[in-house]
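J.: First, the structure itself, so that you have it in front of you.
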Amino acid sequence: MRVTAARRVQGFARFVDVDWGRPGLHDAPSLGRLVPQTTIDARLMTEMTEPTPPHDNALRAMTDDGAFRVVTLRTTDTVTRAIAAQEAAGPGASLLAELITSAILVRETMAPTHRVQVLLTSPDRKQRLVADAYPDGGTRGLITRLAGNDRFSIDGWTMEVLRSLHNGDVHRGVVAVPTGGGMSEALMVYLQSSEQVASMLSVACVWSGALVRCSGGYLVQLLPEVGRAPLAIMAERLRDFQKVDALLEQLDAAPGPMVDELLYGMPFTRLEERPLSWKCRCSAVRVMSSLATLPRADVQEIIDAGQPVELTCDFCRQVYTLSPTQLGGLLDQS
Ligand SMILES: [Zn+2]
């Protein structure tokens with residue numbers, strides 16, 4: 001006997017949700033900042049002689065009149081890795097890219113120090129995409145096979161956002177993708193209806209043939225005290241950026257130049273810039289805990305078969321092999 005594909009998927013589908021609310025979930029250090037002291041000199045030398053290639057970043061800024069908060073993202077490398085890990089192509093790959101950028105936008109806007117997961121599900125619930133964004137800037141994505149074609153549309157799909165809170169609870173909001181709208185429109189509706197955040201935003205992935213040329217987005221949040229005049233000016237300014245594709249392409253999605261462009265002529269202050277990357281969270285320990293959610297009889301059945309069990313992480317496709325002895329330990333604990 002071997003673990004069926006269906007059961008594998010089911011185990012890991014639950015794994016997607018199991019992590020929520022687990023104590024210590026958000027204690028992971030921001031690895032991007034832990035640079036050993038001894039390597040800094042070498043790095044500086046390298047930076048002086050070679051141009052640094054652009055990398056993924058999130059930038060937060062605020063206009064000096066306090067009326068608008070802005071987030072700009074470059075997610076090119078993050079979505080490229082996620083698409084490769086999922087072997088996604090066509091409309092599904094674009095959707096996954098936009099969903100990942102959306103999840104990071106929500107995290108940077110609502111909860112920079114907490115985890116955000118965004119799920120996009122078809123009406124028959126057979127097709128689903130997941131983006132899972134963590135406070136250390138690491139994000140991963142998951143996609144089920146899409147029965148898509150050139151006229152693929154997400155009309156009638158649902159967008160669900162799960163966001164962990166300071167007290168360990170999870171804030172959950174669900175909206176329908178507006179008819180004729182895409183990811184950006186759905187995200188705006190979510191922010192307005194579930195978070196009471198008025199925003200103008202756009203996410204996009206620009207392709208060069210089968211390769212991601214650049215990916216990213218921006219969000220301009222209107223703060224409650226904003227007056228009519230600045231709002232009118234901002235709305236007029238953002239008319240050119242309703243679709244962010246051209247801006248991304250022109251600036252290689254660099255967050256700094258994007259803010260400069262979006263807020264051109266407006267005094268503003270850069271608040272924080274943080275690195276982003278693709279990163280999976282699976283480990284042998286997490287695989288074991290996902291198996292622990294299976295019925296005891298099912299685990300016993302696998303052990304009785306006497307064969308090692310292979311489980312594949314749905315996010316990164318890493319394969320974990322567990323021996324019957326290891327599985328036996330699972331039953332001893334429960
Ligand atoms: Zn993984």
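Please note that chains go A, B, ... in the order of the structure tokens, that every chain numbers its residues from 1, and that ligands are numbered from 1 in the order shown.
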What are the nearest atom pairs, with distances in Å to one decimal, for all residues of chain A that come at most 6 Å from ligand 1, using only C-alpha atoms and all ligand atoms, set out by chain and rising residue number as a Markdown table?

T.:
| residue | atom | partner | partner_atom_place_in_ligand_line | distance |
| --- | --- | --- | --- | --- |
| A:Cys280 | CA | ligand 1 | 1 (Zn) | 4.7 |
| A:Arg281 | CA | ligand 1 | 1 (Zn) | 5.7 |
| A:Cys282 | CA | ligand 1 | 1 (Zn) | 4.2 |
| A:Cys313 | CA | ligand 1 | 1 (Zn) | 4.6 |
| A:Phe315 | CA | ligand 1 | 1 (Zn) | 5.0 |
| A:Cys316 | CA | ligand 1 | 1 (Zn) | 4.1 |
| A:Gln318 | CA | ligand 1 | 1 (Zn) | 5.6 |

J.: Which residues come within 12 Å of Phe68 in chain A, counting only C-alpha atoms, excluding same-chain residues fewer than 4 positions away, as an MDAnalysis selection string?

T.: chainID A and resid 60:64 109 197:200 219:227 230:231 233:235 259 262:263 266:269

J.: For CA of Thr139 in chain A and CA of Ile100 in chain A, quote the distance in Å rounded to one decimal.

T.: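 Answer for the CA of Thr139 in chain A to CA of Ile100 in chain A separation: 7.3 Å.
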
J.: So how many Å separate CA of Ile83 in chain A and CA of Leu95 in chain A, to one decimal?

T.: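 Going from CA of Ile83 in chain A over to CA of Leu95 in chain A, I get 10.0 Å.
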
J.: One decimal, Å: what's the distance from CA of Asp169 in chain A over to CA of Ser283 in chain A, could you say?

T.: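 If I compute the distance from CA of Asp169 in chain A to CA of Ser283 in chain A, I get 24.1 Å.
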
J.: Taking 3 positions as the minimum chain separation for residues in the same chain, which residues sit within 9 Å of range 323-329 of chain A when counting only C-alpha atoms? Answer as a PDB file with C-alpha atoms, in the first residue's frame.

T.:
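The new file part12.pdb reads:
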ATOM      1  CA  MET A 288       4.943  14.785  10.673  1.00  0.00           C
ATOM      2  CA  LEU A 291       0.311  13.408   9.150  1.00  0.00           C
ATOM      3  CA  VAL A 299      -1.649   5.924   9.935  1.00  0.00           C
ATOM      4  CA  GLN A 300      -1.801   2.370  11.299  1.00  0.00           C
ATOM      5  CA  ILE A 302       0.407   2.789   6.345  1.00  0.00           C
ATOM      6  CA  ILE A 303       2.623   1.343   9.095  1.00  0.00           C
ATOM      7  CA  ASP A 304       1.207  -2.158   8.579  1.00  0.00           C
ATOM      8  CA  ALA A 305       2.162  -1.961   4.903  1.00  0.00           C
ATOM      9  CA  GLY A 306       5.783  -1.799   6.098  1.00  0.00           C
ATOM     10  CA  GLN A 307       6.911   0.520   3.322  1.00  0.00           C
ATOM     11  CA  PRO A 308       8.462   3.983   3.615  1.00  0.00           C
ATOM     12  CA  VAL A 309       6.002   6.744   2.795  1.00  0.00           C
ATOM     13  CA  GLU A 310       6.798   9.613   0.479  1.00  0.00           C
ATOM     14  CA  ASP A 332       2.952   6.635  20.379  1.00  0.00           C
ATOM     15  CA  GLN A 333       2.578  10.396  20.926  1.00  0.00           C
ATOM     16  CA  SER A 334      -1.148  10.571  20.264  1.00  0.00           C
TER      17      SER A 334
END

J.: Apply DSSP to the structure's backbone, then extract all residues of range 109-266 of chain A labelled helix (DSSP H, G or I) and return them as a PyMOL selection string.

T.: chain A and resi 109-110+183-195+228-241+245-251+255-262

J.: Name the closest residue to Glu273 in chain A among the candidates A:Ala297, A:Leu59, A:Ala103, A:Leu119; distances are taken between atoms, counting only C-alpha atoms.

T.: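 Looking at the shortest contact to Glu273 in chain A, the residue is A:Leu59.
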